[in-house]
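Student: Input: one structure, supplied below.
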Amino acid sequence: MTASIVAPRDPAARYVMRLGDTCLILAQRVAEWCGHAPILEEDIALTNMALDLIGQARALFTLAGGLEARAGGTCFDEDQLAFLREERDYLNPVLVELPNALPGALPGSAAGASGRDFAFTVLRNAMMATWLELLWRHLAASTEPELAAIAGKAVKEARYHREHASDWVRRLGDGTDESARRLDAALQGCWRFHAELFAADALDEAAAASGLGPRADALREAWHEAMTALLAEVRLAPPATTAFVSQGRQGVHSEAMGYLLATMQHLQRAFPGGAW
Amino acid sequence: MSEVTWPTLDFGAGPPGTPTAGSAAPGATFVPSALPAWPAPPATPQERLERAWAVLQQVPDPEVPAVSVCDLGIVRELQVADDERTLVAVLTPTYSGCPATEVIEASVIAALEACGLGPARVQQRRSPAWTTDWISEAGRRKLREYGIAPPERCDAGGPASAATGVDGQAPSFAAAGGVVAVPIRIHPRRPVTAAAPACPRCGSPRTERLAAFGATACKALHRCLDCREPFEHFKPI
């Protein structure tokens with residue numbers, strides 16, 4: 001088995017890697033719909049979006065490797081960063097690693113048995129695409145030209161992702177009793193994981209000070225406004241905020257992460273450098 | 001629909017074994033069989049660059065082979081590197097996750113070297129980000145003839161409205177104060193707007209979008225409300 005790498009230490013490299021992790025792990029979850037989406041068009045749409053996210057992650061990992069090398073560390077390539085880290089070295093928020101249905105949220109239903117709930121994916125995608133679109137807009141003005149260039153491209157893609165998810169939030173929320181119930185269940189299940197997206201830490205401080213990118217809390221207000229407006233269209237309101245803050249961005253993940261990484265890393269671990 | 005004349009696809013069928021769209025594997029290249037040929041090597045660097053542009057005009061996009069990589073505006077610049085030997089093609093990728101990016105790079109190098117213009121390499125330039133506004137007029141015409149509705153112009157305000165307009169058009173009954181259950185449509189009905197792309201087959205402006213994501217990242221799926229044919233639309237981005 002291929003040994004794990006020691007993750008980059010440079011704050012700028014970690015800031016960029018953290019965003020790469022967010023795109024990569026969300027892509028892994030979205031891609032799990034491949035061959036399983038409710039209709040062919042959605043299968044195609046979800047896999048297209050996963051591909052966009054993987055492309056963004058690739059560019060970010062390449063940049064993170066370069067930034068670490070510039071700071072005197074090892075220049076890992078995109079594959080090493082994506083596949084050869086230990087769980088604690090992934091810095092994505094917990095929200096993106098959650099399985100495509102919340103365990104126990106749909107007892108007895110077909111979605112509960114399959115482990116996939118389309119309403120859950122729709123709601124998480126709406127939360128994440130709204131967040132990513134805002135973040136990419138900020139990053140398009142980064143003092144790091146390569147990050148600004150990646151963001152300039154990604155913001156256009158995120159806009160399509162947000163529109164796709166928002167469209168389905170409306171359709172499910174305005175749809176049948178069952179679709180509205182499932183959307184509401186997804187909202188109640190996901191919402192408590194959003195606080196982490198806006199919890200600024202030392203990496204954010206350093207990035208904001210150098211002009212690399214915004215602090216996490218800089219996006220809070222605009223995101224809340226957009227999500228509240230979207231939910232209001234289907235007569236839903238954001239659940240009350242609690243004191244709970246998940247810690248994925250600090251490397252402390254949920255029990256779902258280990259299983260996800262086992263699937264995602266298996267090929268590179270078992271067949272080092274494997275390509276096809 | 002027997003009366004429909006389907007556009008013929010001819011971008012220079014390659015020799016046996018030439019990969020076709022959809023079968024592209026890493027390392028595969030798309031090099032047309034009928035490349036320009038010159039009796040002698042270029043006399044000046046300027047001539048070499050001119051020939052290189054002519055060659056790349058013939059290199060098809062792997063996923064939309066009706067148009068060349070130049071038509072799409074992917075090739076931003078051609079220059080001779082500081083070593084005064086290597087030809088550098090500056091390319092801007094279309095989508096972050098476009099799986100054709102590597103094939104395009106390999107095809108560009110292979111075509112230039114096949115025409116005796118090598119050694120060649122490619123350089124990626126991400127900024128400014130690629131936009132469908134860079135698709136040439138010839139490219140737009142070829143797309144239409146191929147059956148793909150070309151993208152609206154972004155700089156004319158078309159693209160933003162085409163994308164964000166979806167929000168405003170989506171049915172929402174909350175605004176009307178209603179709590180009536182609405183059937184879940186797989187393809188939400190939207191009013192036909194002036195922004196809808198015209199049908200590339202019959203020219204009708206009455207079309208509707210079926211899905212925002214099509215067979216490739218760059219295309220959406222539409223259908224014509226008059227001739228009832230489905231067609232692809234190159235998304236303005």
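The chains in the structure tokens are called A, B, ... from first to last as shown; in each chain the residues are counted from 1, and the ligands are counted from 1 in the order shown.
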What's around Gly213 in chain A at 9 Å? Count only C-alpha atoms, leave out sequence neighbours fewer than 2 positions away in its own chain, and write the answer as a ChimeraX atom specification.

Tutor: /A:15,135,138-144,147,204,206-211,215

Student: Which neighbours of range 50-56 of chain B fall inside 12 Å, counting only C-alpha atoms, when residues of the same chain fewer than 3 positions from it are skipped, and could you give them as a PyMOL selection string?

Tutor: chain B and resi 30-38+40-47+59-61+67-80+87-91+104-105+107-120

Student: With a cut-off of 7 Å and counting only C-alpha atoms, select all residues of chain A in contact with chain B and give the selection as number ranges by chain.

Tutor: A: 41, 44-45, 48, 51-56, 149-150, 152-154, 156, 163, 167, 170-172, 174-176, 233-235

Student: Take the residues from that selection and put them in a file with N, CA and C atoms, as a compact mmCIF listing (two decimals), in the first residue's frame.

Tutor:
# COMPACT_ATOMS: atom_id res chain seq x y z
N GLU A 41 -31.80 12.89 -17.13
CA GLU A 41 -31.29 14.26 -17.18
C GLU A 41 -30.57 14.63 -15.88
N ILE A 44 -27.17 13.01 -15.66
CA ILE A 44 -26.20 13.76 -16.46
C ILE A 44 -25.82 15.06 -15.77
N ALA A 45 -26.82 15.74 -15.23
CA ALA A 45 -26.55 17.03 -14.58
C ALA A 45 -25.63 16.84 -13.37
N ASN A 48 -22.13 15.95 -14.40
CA ASN A 48 -21.49 17.13 -14.97
C ASN A 48 -20.97 18.05 -13.86
N LEU A 51 -17.99 16.71 -12.17
CA LEU A 51 -16.81 16.90 -13.01
C LEU A 51 -16.26 18.32 -12.87
N ASP A 52 -17.15 19.30 -12.85
CA ASP A 52 -16.71 20.68 -12.64
C ASP A 52 -15.97 20.80 -11.31
N LEU A 53 -16.54 20.20 -10.26
CA LEU A 53 -15.94 20.30 -8.93
C LEU A 53 -14.58 19.60 -8.89
N ILE A 54 -14.47 18.47 -9.57
CA ILE A 54 -13.19 17.77 -9.60
C ILE A 54 -12.16 18.62 -10.35
N GLY A 55 -12.60 19.25 -11.44
CA GLY A 55 -11.68 20.11 -12.18
C GLY A 55 -11.18 21.27 -11.33
N GLN A 56 -12.10 21.84 -10.55
CA GLN A 56 -11.70 22.94 -9.65
C GLN A 56 -10.73 22.43 -8.59
N ALA A 149 -7.39 33.42 -11.16
CA ALA A 149 -7.73 32.85 -12.47
C ALA A 149 -8.65 31.64 -12.31
N ILE A 150 -8.33 30.76 -11.35
CA ILE A 150 -9.18 29.60 -11.10
C ILE A 150 -10.59 30.06 -10.71
N GLY A 152 -12.05 32.91 -11.41
CA GLY A 152 -12.74 33.57 -12.52
C GLY A 152 -13.50 32.57 -13.39
N LYS A 153 -12.92 31.39 -13.52
CA LYS A 153 -13.59 30.33 -14.27
C LYS A 153 -14.67 29.67 -13.43
N ALA A 154 -14.31 29.34 -12.18
CA ALA A 154 -15.20 28.54 -11.34
C ALA A 154 -16.49 29.28 -10.98
N LYS A 156 -18.37 31.03 -12.77
CA LYS A 156 -19.39 30.82 -13.81
C LYS A 156 -20.02 29.43 -13.66
N GLU A 163 -28.10 27.52 -9.69
CA GLU A 163 -29.41 27.61 -10.35
C GLU A 163 -30.07 26.25 -10.46
N ASP A 167 -33.54 25.53 -8.53
CA ASP A 167 -34.67 25.11 -9.33
C ASP A 167 -35.36 23.89 -8.70
N ARG A 170 -37.23 24.60 -5.40
CA ARG A 170 -38.57 25.13 -5.67
C ARG A 170 -39.52 24.01 -6.09
N ARG A 171 -39.03 23.14 -6.97
CA ARG A 171 -39.94 22.11 -7.47
C ARG A 171 -40.33 21.12 -6.37
N LEU A 172 -39.36 20.74 -5.55
CA LEU A 172 -39.68 19.80 -4.47
C LEU A 172 -40.53 20.48 -3.40
N ASP A 174 -42.57 23.03 -3.76
CA ASP A 174 -43.91 23.32 -4.28
C ASP A 174 -44.62 22.05 -4.72
N GLY A 175 -43.96 20.93 -4.65
CA GLY A 175 -44.49 19.70 -5.24
C GLY A 175 -45.51 19.00 -4.36
N THR A 176 -45.33 17.72 -4.16
CA THR A 176 -46.30 16.93 -3.39
C THR A 176 -46.00 17.05 -1.90
N GLU A 233 -39.34 31.04 -0.63
CA GLU A 233 -40.15 30.79 -1.83
C GLU A 233 -40.96 29.51 -1.70
N VAL A 234 -40.47 28.58 -0.89
CA VAL A 234 -41.23 27.33 -0.71
C VAL A 234 -41.71 27.19 0.73
N ARG A 235 -41.94 28.38 1.35
CA ARG A 235 -42.55 28.43 2.68
C ARG A 235 -41.74 27.72 3.76

Student: How many Å lie between CA of Met264 in chain A and CA of Leu203 in chain A, rounded to one decimal?

Tutor: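 According to the coordinates, CA of Met264 in chain A and CA of Leu203 in chain A are separated by 26.2 Å.
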
Student: Find the spatial neighbours of Gln28 in chain A, counting only C-alpha atoms, within a cut-off of 9 Å - ignore same-chain residues fewer than 4 positions away - and output them as an mmCIF file with N, CA and C atoms, in the first residue's frame.

Tutor:
data_model
loop_
_atom_site.group_PDB
_atom_site.id
_atom_site.type_symbol
_atom_site.label_atom_id
_atom_site.label_comp_id
_atom_site.auth_asym_id
_atom_site.auth_seq_id
_atom_site.Cartn_x
_atom_site.Cartn_y
_atom_site.Cartn_z
ATOM 1 N N CYS A 23 -14.222 21.041 -2.579
ATOM 2 C CA CYS A 23 -14.703 20.703 -3.926
ATOM 3 C C CYS A 23 -14.602 19.195 -4.160
ATOM 4 N N LEU A 24 -13.484 18.606 -3.753
ATOM 5 C CA LEU A 24 -13.241 17.190 -4.037
ATOM 6 C C LEU A 24 -14.238 16.289 -3.320
ATOM 7 N N GLU A 32 -21.637 10.004 -6.592
ATOM 8 C CA GLU A 32 -22.262 8.743 -6.186
ATOM 9 C C GLU A 32 -23.640 8.568 -6.819
ATOM 10 N N ALA A 50 -20.291 17.215 -10.773
ATOM 11 C CA ALA A 50 -19.184 16.561 -10.076
ATOM 12 C C ALA A 50 -17.882 16.780 -10.844
ATOM 13 N N ILE A 54 -14.468 18.469 -9.567
ATOM 14 C CA ILE A 54 -13.188 17.770 -9.605
ATOM 15 C C ILE A 54 -12.158 18.621 -10.351
ATOM 16 N N GLU A 97 -19.193 15.992 3.417
ATOM 17 C CA GLU A 97 -18.872 14.562 3.504
ATOM 18 C C GLU A 97 -20.072 13.717 3.935
ATOM 19 N N LEU A 260 -15.865 7.201 3.147
ATOM 20 C CA LEU A 260 -15.726 7.922 1.878
ATOM 21 C C LEU A 260 -14.288 7.828 1.370
ATOM 22 N N MET A 264 -12.647 6.348 -2.030
ATOM 23 C CA MET A 264 -11.980 7.293 -2.918
ATOM 24 C C MET A 264 -10.500 6.969 -3.100
#

Student: Between CA of Tyr160 in chain A and CA of Met128 in chain A, what distance in Å does the model show, to one decimal?

Tutor: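 Calculated distance between CA of Tyr160 in chain A and CA of Met128 in chain A is 12.4 Å.
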
Student: Determine which residues of range 2-99 of chain A DSSP labels as alpha helix (DSSP H) from the backbone of this structure, then write them out as a count of residues only.

Tutor: 62

Student: Figure out the distance between CA of Pro214 in chain A and CA of Gly189 in chain A, please, to one decimal in Å.

Tutor: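 Going from CA of Gly189 in chain A over to CA of Pro214 in chain A, I get 27.7 Å.
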